[in-house]
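Trainee: Hey, dropping coords11.pdb in here, PDB, C-alpha atoms (C1' of nucleotides):
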MODEL        1
ATOM      1  CA  MET A 190      24.678   0.904 -15.079
ATOM      2  CA  THR A 191      22.240   1.675 -12.310
ATOM      3  CA  ARG A 192      20.239  -1.465 -11.937
ATOM      4  CA  ARG A 193      18.855  -1.223  -8.471
ATOM      5  CA  LYS A 194      15.318  -2.522  -8.539
ATOM      6  CA  LEU A 195      12.828   0.049  -7.436
ATOM      7  CA  ALA A 196      10.543  -0.805  -4.552
ATOM      8  CA  ALA A 197       7.030  -1.667  -5.648
ATOM      9  CA  LEU A 198       4.443   1.055  -5.952
ATOM     10  CA  SER A 199       1.296   0.876  -3.894
ATOM     11  CA  PRO A 200      -1.959   1.844  -5.621
ATOM     12  CA  SER A 201      -2.082   5.249  -3.977
ATOM     13  CA  GLU A 202       1.521   5.939  -4.733
ATOM     14  CA  THR A 203       0.918   5.043  -8.352
ATOM     15  CA  GLU A 204      -1.943   7.457  -8.514
ATOM     16  CA  ILE A 205       0.088  10.305  -7.095
ATOM     17  CA  LEU A 206       3.102   9.538  -9.219
ATOM     18  CA  ARG A 207       0.991   9.766 -12.333
ATOM     19  CA  LEU A 208      -0.171  13.215 -11.371
ATOM     20  CA  VAL A 209       3.381  14.402 -10.955
ATOM     21  CA  TRP A 210       4.208  13.072 -14.404
ATOM     22  CA  LYS A 211       1.204  14.824 -15.789
ATOM     23  CA  LEU A 212       2.258  18.100 -14.234
ATOM     24  CA  ASP A 213       5.887  17.552 -15.052
ATOM     25  CA  LYS A 214       6.912  19.356 -11.874
ATOM     26  CA  ALA A 215       4.635  19.722  -8.933
ATOM     27  CA  THR A 216       4.325  20.891  -5.361
ATOM     28  CA  VAL A 217       2.092  19.189  -2.851
ATOM     29  CA  GLN A 218      -0.478  21.836  -3.632
ATOM     30  CA  ASP A 219      -0.333  21.178  -7.332
ATOM     31  CA  VAL A 220      -0.927  17.510  -6.811
ATOM     32  CA  CYS A 221      -3.787  18.160  -4.442
ATOM     33  CA  ASN A 222      -5.424  20.364  -7.032
ATOM     34  CA  LYS A 223      -5.124  17.726  -9.680
ATOM     35  CA  LEU A 224      -6.784  15.103  -7.552
ATOM     36  CA  PRO A 225     -10.162  14.162  -8.937
ATOM     37  CA  ALA A 226     -12.989  15.614  -6.878
ATOM     38  CA  LYS A 227     -14.111  12.166  -5.809
ATOM     39  CA  ARG A 228     -10.787  11.335  -4.284
ATOM     40  CA  LYS A 229     -10.468  13.453  -1.234
ATOM     41  CA  ILE A 230      -7.437  12.879   0.915
ATOM     42  CA  ALA A 231      -5.735  15.456   3.109
ATOM     43  CA  TYR A 232      -2.865  17.653   2.018
ATOM     44  CA  ALA A 233      -0.720  15.943   4.627
ATOM     45  CA  THR A 234      -1.520  12.591   3.119
ATOM     46  CA  VAL A 235      -0.439  13.643  -0.332
ATOM     47  CA  GLN A 236       2.678  14.986   1.254
ATOM     48  CA  THR A 237       3.473  11.665   2.845
ATOM     49  CA  LEU A 238       2.904   9.853  -0.391
ATOM     50  CA  LEU A 239       5.247  12.205  -2.214
ATOM     51  CA  ARG A 240       7.842  11.755   0.482
ATOM     52  CA  ARG A 241       7.605   8.004   0.195
ATOM     53  CA  LEU A 242       7.812   8.185  -3.548
ATOM     54  CA  GLU A 243      10.997  10.153  -3.187
ATOM     55  CA  LYS A 244      12.423   7.763  -0.657
ATOM     56  CA  LYS A 245      11.683   4.878  -3.003
ATOM     57  CA  GLY A 246      13.559   6.684  -5.718
ATOM     58  CA  TYR A 247      10.741   7.542  -8.089
ATOM     59  CA  LEU A 248      10.906  11.267  -7.438
ATOM     60  CA  LYS A 249      13.390  13.937  -6.560
ATOM     61  CA  HIS A 250      12.702  17.475  -5.515
ATOM     62  CA  ARG A 251      14.092  20.909  -5.645
ATOM     63  CA  ILE A 252      13.302  23.792  -3.335
ATOM     64  CA  ARG A 253      11.377  26.774  -4.604
ATOM     65  CA  GLY A 254      10.622  29.332  -1.953
ATOM     66  CA  LYS A 255       9.538  27.268   0.969
ATOM     67  CA  ALA A 256       7.948  24.571  -1.096
ATOM     68  CA  HIS A 257       9.309  21.373  -2.551
ATOM     69  CA  VAL A 258       8.881  20.923  -6.238
ATOM     70  CA  PHE A 259       8.821  17.243  -7.097
ATOM     71  CA  PHE A 260       9.762  15.773 -10.428
ATOM     72  CA  ALA A 261      10.444  12.355 -11.870
ATOM     73  CA  ALA A 262      13.705  10.629 -11.060
ATOM     74  CA  VAL A 263      12.935   7.632 -13.253
ATOM     75  CA  LYS A 264      11.498   7.647 -16.725
ATOM     76  CA  SER A 265       7.788   7.047 -16.655
ATOM     77  CA  GLU A 266       8.170   4.608 -19.523
ATOM     78  CA  LYS A 267      10.121   2.350 -17.280
ATOM     79  CA  VAL A 268       7.680   2.520 -14.419
ATOM     80  CA  ILE A 269       4.741   1.941 -16.708
ATOM     81  CA  LYS A 270       6.396  -1.054 -18.202
ATOM     82  CA  ARG A 271       6.915  -2.646 -14.853
ATOM     83  CA  SER A 272       3.438  -1.801 -13.642
ATOM     84  CA  VAL A 273       1.710  -3.120 -16.712
ATOM     85  CA  ASN A 274       3.685  -6.309 -16.632
ATOM     86  CA  ASP A 275       2.956  -6.868 -12.973
ATOM     87  CA  PHE A 276      -0.700  -6.269 -13.519
ATOM     88  CA  LEU A 277      -0.792  -8.544 -16.506
ATOM     89  CA  ASP A 278       0.941 -11.287 -14.582
ATOM     90  CA  LYS A 279      -1.350 -11.192 -11.608
ATOM     91  CA  LEU A 280      -4.628 -10.965 -13.403
ATOM     92  CA  PHE A 281      -3.992 -12.600 -16.755
ATOM     93  CA  GLY A 282      -0.971 -14.753 -16.221
ATOM     94  CA  GLY A 283       1.018 -12.414 -18.418
ATOM     95  CA  ASP A 284      -1.084 -12.786 -21.520
ATOM     96  CA  PRO A 285      -2.113  -9.356 -22.838
ATOM     97  CA  VAL A 286      -4.694 -10.615 -25.290
ATOM     98  CA  PRO A 287      -7.500 -11.150 -22.779
ATOM     99  CA  LEU A 288      -6.926  -7.648 -21.536
ATOM    100  CA  MET A 289      -7.210  -6.207 -25.014
ATOM    101  CA  GLN A 290     -10.312  -8.228 -25.530
ATOM    102  CA  TYR A 291     -11.778  -6.948 -22.368
ATOM    103  CA  LEU A 292     -11.106  -3.382 -23.413
ATOM    104  CA  ALA A 293     -12.599  -3.936 -26.821
ATOM    105  CA  GLU A 294     -15.670  -5.710 -25.571
ATOM    106  CA  HIS A 295     -16.467  -3.072 -23.042
ATOM    107  CA  GLY A 296     -16.341  -0.207 -25.421
ATOM    108  CA  LYS A 297     -13.225   1.167 -23.868
ATOM    109  CA  ILE A 298     -11.704   1.477 -27.280
ATOM    110  CA  ASP A 299     -13.272   2.019 -30.654
ATOM    111  CA  ALA A 300     -12.493   1.376 -34.289
ATOM    112  CA  ASP A 301     -10.426   4.532 -34.579
ATOM    113  CA  ASP A 302      -8.212   3.529 -31.719
ATOM    114  CA  ILE A 303      -7.681   0.232 -33.382
ATOM    115  CA  GLU A 304      -6.668   1.848 -36.636
ATOM    116  CA  LYS A 305      -4.066   3.798 -34.781
ATOM    117  CA  LEU A 306      -2.783   0.710 -33.086
ATOM    118  CA  LYS A 307      -2.580  -1.049 -36.364
ATOM    119  CA  ARG A 308      -0.282   1.598 -37.669
ATOM    120  CA  LEU A 309       1.833   1.398 -34.574
ATOM    121  CA  VAL A 310       2.259  -2.320 -34.802
ATOM    122  CA  SER A 311       2.944  -2.497 -38.492
ATOM    123  CA  LYS A 312       5.739  -0.002 -38.045
TER     124      LYS A 312
ATOM    125  CA  MET B  25     -30.027  -7.373  -5.892
ATOM    126  CA  THR B  26     -26.885  -8.057  -3.962
ATOM    127  CA  ARG B  27     -24.851  -4.950  -4.301
ATOM    128  CA  ARG B  28     -22.412  -5.211  -1.469
ATOM    129  CA  LYS B  29     -19.075  -3.879  -2.628
ATOM    130  CA  LEU B  30     -16.342  -6.450  -2.468
ATOM    131  CA  ALA B  31     -13.234  -5.607  -0.510
ATOM    132  CA  ALA B  32     -10.270  -4.789  -2.705
ATOM    133  CA  LEU B  33      -7.944  -7.532  -3.833
ATOM    134  CA  SER B  34      -4.301  -7.408  -2.902
ATOM    135  CA  PRO B  35      -1.812  -8.417  -5.594
ATOM    136  CA  SER B  36      -1.212 -11.845  -4.099
ATOM    137  CA  GLU B  37      -4.869 -12.473  -3.648
ATOM    138  CA  THR B  38      -5.467 -11.566  -7.259
ATOM    139  CA  GLU B  39      -2.851 -14.010  -8.346
ATOM    140  CA  ILE B  40      -4.352 -16.853  -6.351
ATOM    141  CA  LEU B  41      -7.879 -16.027  -7.378
ATOM    142  CA  ARG B  42      -6.892 -16.235 -11.013
ATOM    143  CA  LEU B  43      -5.546 -19.718 -10.482
ATOM    144  CA  VAL B  44      -8.778 -20.864  -8.937
ATOM    145  CA  TRP B  45     -10.660 -19.502 -11.928
ATOM    146  CA  LYS B  46      -8.303 -21.281 -14.222
ATOM    147  CA  LEU B  47      -8.847 -24.559 -12.405
ATOM    148  CA  ASP B  48     -12.553 -23.949 -11.990
ATOM    149  CA  LYS B  49     -12.533 -25.763  -8.659
ATOM    150  CA  ALA B  50      -9.426 -26.188  -6.615
ATOM    151  CA  THR B  51      -8.000 -27.392  -3.356
ATOM    152  CA  VAL B  52      -5.057 -25.748  -1.685
ATOM    153  CA  GLN B  53      -2.910 -28.416  -3.272
ATOM    154  CA  ASP B  54      -4.233 -27.732  -6.727
ATOM    155  CA  VAL B  55      -3.447 -24.079  -6.413
ATOM    156  CA  CYS B  56       0.022 -24.792  -5.109
ATOM    157  CA  ASN B  57       0.692 -26.991  -8.094
ATOM    158  CA  LYS B  58      -0.400 -24.319 -10.492
ATOM    159  CA  LEU B  59       1.906 -21.741  -9.021
ATOM    160  CA  PRO B  60       4.651 -20.818 -11.447
ATOM    161  CA  ALA B  61       7.976 -22.312 -10.444
ATOM    162  CA  LYS B  62       9.428 -18.882  -9.807
ATOM    163  CA  ARG B  63       6.806 -18.064  -7.261
ATOM    164  CA  LYS B  64       7.467 -20.240  -4.284
ATOM    165  CA  ILE B  65       5.333 -19.636  -1.248
ATOM    166  CA  ALA B  66       4.380 -22.211   1.362
ATOM    167  CA  TYR B  67       1.269 -24.343   1.285
ATOM    168  CA  ALA B  68       0.145 -22.599   4.451
ATOM    169  CA  THR B  69       0.467 -19.245   2.761
ATOM    170  CA  VAL B  70      -1.709 -20.248  -0.143
ATOM    171  CA  GLN B  71      -4.159 -21.549   2.364
ATOM    172  CA  THR B  72      -4.322 -18.237   4.150
ATOM    173  CA  LEU B  73      -4.819 -16.398   0.908
ATOM    174  CA  LEU B  74      -7.678 -18.695  -0.035
ATOM    175  CA  ARG B  75      -9.220 -18.228   3.383
ATOM    176  CA  ARG B  76      -9.028 -14.476   3.010
ATOM    177  CA  LEU B  77     -10.462 -14.624  -0.460
ATOM    178  CA  GLU B  78     -13.397 -16.542   0.925
ATOM    179  CA  LYS B  79     -13.873 -14.151   3.778
ATOM    180  CA  LYS B  80     -13.886 -11.273   1.322
ATOM    181  CA  GLY B  81     -16.569 -13.035  -0.635
ATOM    182  CA  TYR B  82     -14.700 -13.916  -3.807
ATOM    183  CA  LEU B  83     -14.712 -17.636  -3.141
ATOM    184  CA  LYS B  84     -16.825 -20.271  -1.504
ATOM    185  CA  HIS B  85     -15.901 -23.820  -0.729
ATOM    186  CA  ARG B  86     -17.348 -27.227  -0.393
ATOM    187  CA  ILE B  87     -15.938 -30.137   1.526
ATOM    188  CA  ARG B  88     -14.578 -33.137  -0.303
ATOM    189  CA  GLY B  89     -13.129 -35.751   1.990
ATOM    190  CA  LYS B  90     -11.153 -33.715   4.429
ATOM    191  CA  ALA B  91     -10.197 -31.061   1.927
ATOM    192  CA  HIS B  92     -11.836 -27.800   0.972
ATOM    193  CA  VAL B  93     -12.601 -27.339  -2.665
ATOM    194  CA  PHE B  94     -12.737 -23.660  -3.512
ATOM    195  CA  PHE B  95     -14.674 -22.148  -6.351
ATOM    196  CA  ALA B  96     -15.726 -18.711  -7.486
ATOM    197  CA  ALA B  97     -18.515 -16.949  -5.636
ATOM    198  CA  VAL B  98     -18.453 -13.962  -7.969
ATOM    199  CA  LYS B  99     -18.246 -13.986 -11.736
ATOM    200  CA  SER B 100     -14.696 -13.435 -12.870
ATOM    201  CA  GLU B 101     -15.964 -10.984 -15.465
ATOM    202  CA  LYS B 102     -17.062  -8.733 -12.699
ATOM    203  CA  VAL B 103     -13.823  -8.929 -10.797
ATOM    204  CA  ILE B 104     -11.784  -8.357 -13.915
ATOM    205  CA  LYS B 105     -13.827  -5.365 -14.798
ATOM    206  CA  ARG B 106     -13.230  -3.784 -11.453
ATOM    207  CA  SER B 107      -9.543  -4.635 -11.454
ATOM    208  CA  VAL B 108      -8.916  -3.317 -14.920
ATOM    209  CA  ASN B 109     -10.750  -0.124 -14.188
ATOM    210  CA  ASP B 110      -8.869   0.422 -10.975
ATOM    211  CA  PHE B 111      -5.593  -0.182 -12.690
ATOM    212  CA  LEU B 112      -6.486   2.102 -15.538
ATOM    213  CA  ASP B 113      -7.508   4.830 -13.142
ATOM    214  CA  LYS B 114      -4.370   4.703 -11.086
ATOM    215  CA  LEU B 115      -1.862   4.511 -13.864
ATOM    216  CA  PHE B 116      -3.555   6.163 -16.815
ATOM    217  CA  GLY B 117      -6.246   8.300 -15.305
ATOM    218  CA  GLY B 118      -8.830   5.965 -16.736
ATOM    219  CA  ASP B 119      -7.843   6.358 -20.359
ATOM    220  CA  PRO B 120      -7.271   2.964 -21.966
ATOM    221  CA  VAL B 121      -5.629   4.237 -25.103
ATOM    222  CA  PRO B 122      -2.172   4.761 -23.626
ATOM    223  CA  LEU B 123      -2.306   1.248 -22.293
ATOM    224  CA  MET B 124      -3.166  -0.164 -25.697
ATOM    225  CA  GLN B 125      -0.399   1.879 -27.174
ATOM    226  CA  TYR B 126       2.026   0.569 -24.672
ATOM    227  CA  LEU B 127       1.047  -2.988 -25.470
ATOM    228  CA  ALA B 128       1.346  -2.395 -29.165
ATOM    229  CA  GLU B 129       4.667  -0.631 -28.973
ATOM    230  CA  HIS B 130       6.218  -3.291 -26.858
ATOM    231  CA  GLY B 131       5.312  -6.145 -29.073
ATOM    232  CA  LYS B 132       2.878  -7.523 -26.597
ATOM    233  CA  ILE B 133       0.316  -7.767 -29.318
ATOM    234  CA  ASP B 134       0.716  -8.250 -33.039
ATOM    235  CA  ALA B 135      -1.199  -7.562 -36.222
ATOM    236  CA  ASP B 136      -3.254 -10.722 -35.854
ATOM    237  CA  ASP B 137      -4.421  -9.769 -32.411
ATOM    238  CA  ILE B 138      -5.433  -6.442 -33.774
ATOM    239  CA  GLU B 139      -7.468  -8.001 -36.526
ATOM    240  CA  LYS B 140      -9.325 -10.007 -33.954
ATOM    241  CA  LEU B 141      -9.974  -6.932 -31.908
ATOM    242  CA  LYS B 142     -11.237  -5.126 -34.930
ATOM    243  CA  ARG B 143     -13.832  -7.759 -35.431
ATOM    244  CA  LEU B 144     -14.828  -7.612 -31.807
ATOM    245  CA  VAL B 145     -15.278  -3.888 -31.829
ATOM    246  CA  SER B 146     -17.164  -3.658 -35.082
ATOM    247  CA  LYS B 147     -19.634  -6.151 -33.749
TER     248      LYS B 147
ATOM    249  C1'  DT C 204       9.597  43.370  11.930
ATOM    250  C1'  DA C 205       5.960  40.780  13.860
ATOM    251  C1'  DG C 206       2.221  38.109  12.691
ATOM    252  C1'  DA C 207      -0.252  35.513   9.157
ATOM    253  C1'  DA C 208       0.164  32.060   5.844
ATOM    254  C1'  DT C 209       1.966  28.204   4.133
ATOM    255  C1'  DA C 210       5.273  24.337   4.152
ATOM    256  C1'  DT C 211       7.697  20.606   5.773
ATOM    257  C1'  DC C 212       8.903  17.087   9.298
ATOM    258  C1'  DG C 213       8.422  13.937  12.745
ATOM    259  C1'  DT C 214       5.486  10.881  14.156
ATOM    260  C1'  DA C 215       1.527   8.083  14.833
ATOM    261  C1'  DC C 216      -1.554   4.510  14.285
ATOM    262  C1'  DA C 217      -5.100   1.293  12.657
ATOM    263  C1'  DT C 218      -5.331  -1.967   8.726
ATOM    264  C1'  DT C 219      -3.926  -4.783   5.376
ATOM    265  C1'  DT C 220      -0.612  -7.723   3.352
ATOM    266  C1'  DG C 221       2.726 -11.379   2.924
ATOM    267  C1'  DT C 222       4.275 -15.188   4.952
ATOM    268  C1'  DA C 223       4.092 -19.181   7.833
ATOM    269  C1'  DC C 224       4.378 -22.357  12.151
ATOM    270  C1'  DA C 225       2.213 -25.325  15.379
ATOM    271  C1'  DA C 226      -1.613 -27.615  16.952
ATOM    272  C1'  DC C 227      -5.663 -29.879  16.216
ATOM    273  C1'  DT C 228      -8.936 -32.769  13.227
ATOM    274  C1'  DT C 229     -10.455 -36.198  10.243
ATOM    275  C1'  DG C 230     -10.738 -39.478   6.422
ATOM    276  C1'  DT C 231      -8.445 -43.726   5.208
ATOM    277  C1'  DC C 232      -6.041 -47.990   4.973
ATOM    278  C1'  DA C 233      -3.896 -51.874   6.910
TER     279       DA C 233
ATOM    280  C1'  DT D 200      -9.961 -49.759  15.013
ATOM    281  C1'  DG D 201      -6.071 -47.319  15.549
ATOM    282  C1'  DA D 202      -2.298 -44.761  13.626
ATOM    283  C1'  DC D 203      -0.949 -41.930   9.874
ATOM    284  C1'  DA D 204      -1.053 -38.651   6.388
ATOM    285  C1'  DA D 205      -3.164 -34.785   4.670
ATOM    286  C1'  DG D 206      -6.099 -30.920   5.946
ATOM    287  C1'  DT D 207      -7.714 -27.070   8.463
ATOM    288  C1'  DT D 208      -7.519 -23.578  12.190
ATOM    289  C1'  DG D 209      -5.750 -20.413  15.227
ATOM    290  C1'  DT D 210      -2.459 -17.435  15.612
ATOM    291  C1'  DA D 211       1.570 -14.651  14.863
ATOM    292  C1'  DC D 212       4.227 -11.058  13.324
ATOM    293  C1'  DA D 213       6.971  -7.851  10.638
ATOM    294  C1'  DA D 214       6.415  -4.755   6.908
ATOM    295  C1'  DA D 215       3.724  -1.965   3.969
ATOM    296  C1'  DT D 216      -0.261   1.049   3.334
ATOM    297  C1'  DG D 217      -3.541   4.673   3.954
ATOM    298  C1'  DT D 218      -4.369   8.463   6.420
ATOM    299  C1'  DA D 219      -3.329  12.480   9.072
ATOM    300  C1'  DC D 220      -2.217  15.570  13.377
ATOM    301  C1'  DG D 221       0.797  18.715  15.649
ATOM    302  C1'  DA D 222       5.069  21.110  15.900
ATOM    303  C1'  DT D 223       8.341  23.594  13.656
ATOM    304  C1'  DA D 224      10.291  26.447  10.011
ATOM    305  C1'  DT D 225      10.081  29.844   6.493
ATOM    306  C1'  DT D 226       8.255  33.417   3.389
ATOM    307  C1'  DC D 227       5.224  37.272   2.740
ATOM    308  C1'  DT D 228       2.912  41.184   3.945
ATOM    309  C1'  DA D 229       1.059  45.096   6.400
TER     310       DA D 229
ENDMDL
END
Represent the structure from my file as C-alpha cells, please.
Mentor:
Amino acid sequence: MTRRKLAALSPSETEILRLVWKLDKATVQDVCNKLPAKRKIAYATVQTLLRRLEKKGYLKHRIRGKAHVFFAAVKSEKVIKRSVNDFLDKLFGGDPVPLMQYLAEHGKIDADDIEKLKRLVSK
Amino acid sequence: MTRRKLAALSPSETEILRLVWKLDKATVQDVCNKLPAKRKIAYATVQTLLRRLEKKGYLKHRIRGKAHVFFAAVKSEKVIKRSVNDFLDKLFGGDPVPLMQYLAEHGKIDADDIEKLKRLVSK
DNA sequence: TAGAATATCGTACATTTGTACAACTTGTCA
DNA sequence: TGACAAGTTGTACAAATGTACGATATTCTA
C-alpha cells in the first residue's frame, strides 16, 4: 500500500488545490478565473503553486494542446481529513466540539443544517 | 478603536498561543510542560515562539522574578474567529456545512453534541 | 509560414517559519 | 555577598512560502 506521507499544504496551496477539486480538471487559466475577485495573484504565481502541488504529489497533469490540465492525484477526502485534524489540533487541541460551538454561535449554521447533521450521525 | 490587523499566525504559533490561553498566564516553562509528549521542541524554541507572538501583538508579558509571564493581549474569541474563517475559506470556500458534515461523518461528534448545538442555535 | 498568442520553465528573491545555540543577566540561597 | 541556576537575548540558519519576471516553446491564425 502506498503510505508515503504527503508534504504539508501551505495556506495558499490549500486554496488552489480546492479550486482544482471544484473544477475537477483545470488549467492555470481555469484556476485563475475561479479565484475570488478579492484575491488577486498573478497567473505565474498560480502556476507555481500548481507546480508545487504536483511536486508534492497532490496533483498530476495531462497535456492538452499546449496547456497542462491538472487533476487530483489524491482523494480530496483524504486531504480534507488531514487538514481538518491538523487545524483542530493546533487551535482546539483536537476537540471538535468547541469548533462546532463556534460555528453555531456565530450563525454559520442554522437549524436546518443541524437537522441534516442529525440524520447523518444517527445513520 | 484599535483596528490594527494582527499578523497571521503560523501553525506552531497557533499551537503555542492556545496553550497560553489554556493556562491563562504562563512562563516558558509552563508552556513547555503543557506540550503534548509527542511534540518535543526545545525550551529555546518555545521561547522564540512566545517572543514572536508578543511581537505580533497576541501576547503581552509581565515580569515575575526573573521570568516572563505571558498572557493574552487579544481576546481568544477574536483570534479563533479569524482562524476559523481563514481555514474555512481556504479549504471549503467559506462554507461551513461541508466541515460540519465531515465532522459528523467521521464520528468526531455524536448525537449528544448535536443536541447541544441545536439548543445553541435555536437560542 | 511567419508572427501573434498563450503556455510552461527556470529562476529569483524577500519573508516567514521552525528550530535552537551561546552568551549574557539576574534573582536567590547558602 | 558571591556563585549558581534559571531566564532572557541576540543571533543564526536552512527550509518553506508567497510572489512573479523573463526566456523559451508551442499552437493558432491570417
Trainee: Output the coordinates of chain B after least-squares fitting to chain A on all in-order C-alpha pairs, as a short mmCIF file (atom, residue, chain, number, x, y, z; two decimals) with C-alpha atoms, in the coordinates of the input.
Mentor:
data_model
loop_
_atom_site.label_atom_id
_atom_site.label_comp_id
_atom_site.auth_asym_id
_atom_site.auth_seq_id
_atom_site.Cartn_x
_atom_site.Cartn_y
_atom_site.Cartn_z
CA MET B 25 24.57 1.16 -15.08
CA THR B 26 22.22 1.80 -12.22
CA ARG B 27 20.22 -1.32 -11.91
CA ARG B 28 18.83 -1.11 -8.43
CA LYS B 29 15.31 -2.47 -8.45
CA LEU B 30 12.76 0.07 -7.39
CA ALA B 31 10.46 -0.82 -4.53
CA ALA B 32 6.95 -1.66 -5.65
CA LEU B 33 4.36 1.06 -5.93
CA SER B 34 1.22 0.89 -3.86
CA PRO B 35 -2.02 1.89 -5.59
CA SER B 36 -2.13 5.30 -3.95
CA GLU B 37 1.47 5.97 -4.71
CA THR B 38 0.87 5.08 -8.33
CA GLU B 39 -1.98 7.50 -8.48
CA ILE B 40 0.06 10.35 -7.06
CA LEU B 41 3.07 9.57 -9.19
CA ARG B 42 0.95 9.79 -12.30
CA LEU B 43 -0.18 13.25 -11.33
CA VAL B 44 3.37 14.43 -10.92
CA TRP B 45 4.18 13.10 -14.37
CA LYS B 46 1.19 14.87 -15.75
CA LEU B 47 2.27 18.14 -14.19
CA ASP B 48 5.91 17.57 -15.01
CA LYS B 49 6.96 19.37 -11.84
CA ALA B 50 4.69 19.75 -8.89
CA THR B 51 4.39 20.92 -5.33
CA VAL B 52 2.17 19.23 -2.81
CA GLN B 53 -0.40 21.89 -3.59
CA ASP B 54 -0.27 21.23 -7.29
CA VAL B 55 -0.88 17.57 -6.77
CA CYS B 56 -3.74 18.24 -4.40
CA ASN B 57 -5.37 20.44 -6.98
CA LYS B 58 -5.09 17.79 -9.63
CA LEU B 59 -6.77 15.18 -7.51
CA PRO B 60 -10.15 14.24 -8.91
CA ALA B 61 -12.98 15.69 -6.87
CA LYS B 62 -14.11 12.24 -5.82
CA ARG B 63 -10.79 11.44 -4.28
CA LYS B 64 -10.47 13.60 -1.23
CA ILE B 65 -7.46 13.00 0.94
CA ALA B 66 -5.73 15.58 3.12
CA TYR B 67 -2.83 17.74 2.05
CA ALA B 68 -0.72 16.00 4.66
CA THR B 69 -1.55 12.65 3.14
CA VAL B 70 -0.44 13.69 -0.30
CA GLN B 71 2.68 15.01 1.28
CA THR B 72 3.44 11.69 2.89
CA LEU B 73 2.87 9.87 -0.36
CA LEU B 74 5.25 12.20 -2.16
CA ARG B 75 7.82 11.74 0.56
CA ARG B 76 7.56 7.99 0.24
CA LEU B 77 7.78 8.17 -3.50
CA GLU B 78 10.99 10.11 -3.14
CA LYS B 79 12.39 7.71 -0.61
CA LYS B 80 11.63 4.85 -2.96
CA GLY B 81 13.51 6.65 -5.67
CA TYR B 82 10.70 7.52 -8.06
CA LEU B 83 10.89 11.24 -7.40
CA LYS B 84 13.40 13.89 -6.52
CA HIS B 85 12.75 17.42 -5.45
CA ARG B 86 14.19 20.85 -5.58
CA ILE B 87 13.46 23.73 -3.28
CA ARG B 88 11.55 26.72 -4.54
CA GLY B 89 10.90 29.31 -1.88
CA LYS B 90 9.85 27.24 1.05
CA ALA B 91 8.16 24.59 -1.02
CA HIS B 92 9.42 21.35 -2.49
CA VAL B 93 8.96 20.92 -6.18
CA PHE B 94 8.85 17.24 -7.06
CA PHE B 95 9.77 15.77 -10.38
CA ALA B 96 10.43 12.35 -11.83
CA ALA B 97 13.68 10.61 -11.00
CA VAL B 98 12.89 7.63 -13.21
CA LYS B 99 11.47 7.67 -16.71
CA SER B 100 7.75 7.09 -16.63
CA GLU B 101 8.12 4.66 -19.51
CA LYS B 102 10.08 2.41 -17.27
CA VAL B 103 7.64 2.56 -14.42
CA ILE B 104 4.70 1.98 -16.71
CA LYS B 105 6.37 -0.98 -18.23
CA ARG B 106 6.91 -2.59 -14.89
CA SER B 107 3.42 -1.78 -13.68
CA VAL B 108 1.71 -3.09 -16.76
CA ASN B 109 3.71 -6.26 -16.70
CA ASP B 110 2.98 -6.85 -13.05
CA PHE B 111 -0.68 -6.27 -13.60
CA LEU B 112 -0.74 -8.53 -16.60
CA ASP B 113 1.03 -11.26 -14.69
CA LYS B 114 -1.27 -11.18 -11.72
CA LEU B 115 -4.55 -11.00 -13.53
CA PHE B 116 -3.89 -12.62 -16.89
CA GLY B 117 -0.84 -14.73 -16.35
CA GLY B 118 1.12 -12.36 -18.53
CA ASP B 119 -0.99 -12.75 -21.64
CA PRO B 120 -2.09 -9.35 -22.94
CA VAL B 121 -4.65 -10.63 -25.38
CA PRO B 122 -7.43 -11.20 -22.86
CA LEU B 123 -6.90 -7.69 -21.62
CA MET B 124 -7.21 -6.25 -25.10
CA GLN B 125 -10.29 -8.32 -25.62
CA TYR B 126 -11.78 -7.05 -22.45
CA LEU B 127 -11.15 -3.48 -23.49
CA ALA B 128 -12.63 -4.06 -26.89
CA GLU B 129 -15.69 -5.86 -25.64
CA HIS B 130 -16.49 -3.23 -23.12
CA GLY B 131 -16.38 -0.35 -25.48
CA LYS B 132 -13.29 1.04 -23.92
CA ILE B 133 -11.76 1.33 -27.33
CA ASP B 134 -13.35 1.82 -30.71
CA ALA B 135 -12.57 1.17 -34.35
CA ASP B 136 -10.54 4.35 -34.65
CA ASP B 137 -8.30 3.40 -31.78
CA ILE B 138 -7.76 0.09 -33.43
CA GLU B 139 -6.75 1.69 -36.68
CA LYS B 140 -4.17 3.70 -34.84
CA LEU B 141 -2.87 0.62 -33.14
CA LYS B 142 -2.64 -1.15 -36.42
CA ARG B 143 -0.37 1.51 -37.72
CA LEU B 144 1.75 1.36 -34.62
CA VAL B 145 2.20 -2.36 -34.82
CA SER B 146 2.93 -2.55 -38.51
CA LYS B 147 5.67 -0.04 -38.03
#
Trainee: So what do you get for atom CA of B:Gln125 versus atom CA of B:Ser146, distance-wise?
Mentor: 19.3 Å
Trainee: Using only C-alpha atoms, find each residue of chain A with at least one atom at most 6 Å away from an atom of chain B; report its shortest atom-to-atom pair and that distance in Å (one decimal), sort the rows by chain and rising residue number, and return the result as a tab-separated table.
Mentor:
residue	atom	partner	partner_atom	distance
A:Thr203	CA	B:Lys114	CA	6.0
A:Glu204	CA	B:Lys114	CA	4.5
A:Lys279	CA	B:Glu39	CA	4.6
A:Ala293	CA	B:Val145	CA	5.7
A:Val310	CA	B:Ala128	CA	5.7
Trainee: Where does chain A meet chain C within 12 Å, residue by residue, with the nearest atom pair and distance in Å to one decimal for each, counting all atoms listed in the file, listed by chain and rising number, as CSV?
Mentor:
residue,atom,partner,partner_atom,distance
A:Ser199,CA,C:DT220,C1',11.4
A:Thr216,CA,C:DA210,C1',10.2
A:Val217,CA,C:DA210,C1',9.3
A:Gln218,CA,C:DA210,C1',10.0
A:Tyr232,CA,C:DA210,C1',10.7
A:Ala233,CA,C:DT211,C1',9.7
A:Gln236,CA,C:DT211,C1',8.8
A:Thr237,CA,C:DC212,C1',10.0
A:Leu239,CA,C:DT211,C1',11.8
A:Arg240,CA,C:DT211,C1',10.3
A:Ile252,CA,C:DA210,C1',11.0
A:Arg253,CA,C:DA210,C1',10.9
A:Gly254,CA,C:DA210,C1',9.5
A:Lys255,CA,C:DA210,C1',6.1
A:Ala256,CA,C:DA210,C1',5.9
A:His257,CA,C:DA210,C1',8.4
A:Val258,CA,C:DA210,C1',11.5
Trainee: Please identify every residue of chain D that has at least one atom no farther than 7 Å from an atom of chain A, counting only C-alpha atoms (C1' of nucleotides), and for each give the shortest atom pair and the distance in Å to one decimal, arranged by chain then increasing number, as JSON lines.
Mentor:
{"residue": "D:DT218", "atom": "C1'", "partner": "A:Thr234", "partner_atom": "CA", "distance": 6.0}
{"residue": "D:DA219", "atom": "C1'", "partner": "A:Ala233", "partner_atom": "CA", "distance": 6.2}
{"residue": "D:DT225", "atom": "C1'", "partner": "A:Lys255", "partner_atom": "CA", "distance": 6.1}
{"residue": "D:DT226", "atom": "C1'", "partner": "A:Lys255", "partner_atom": "CA", "distance": 6.7}
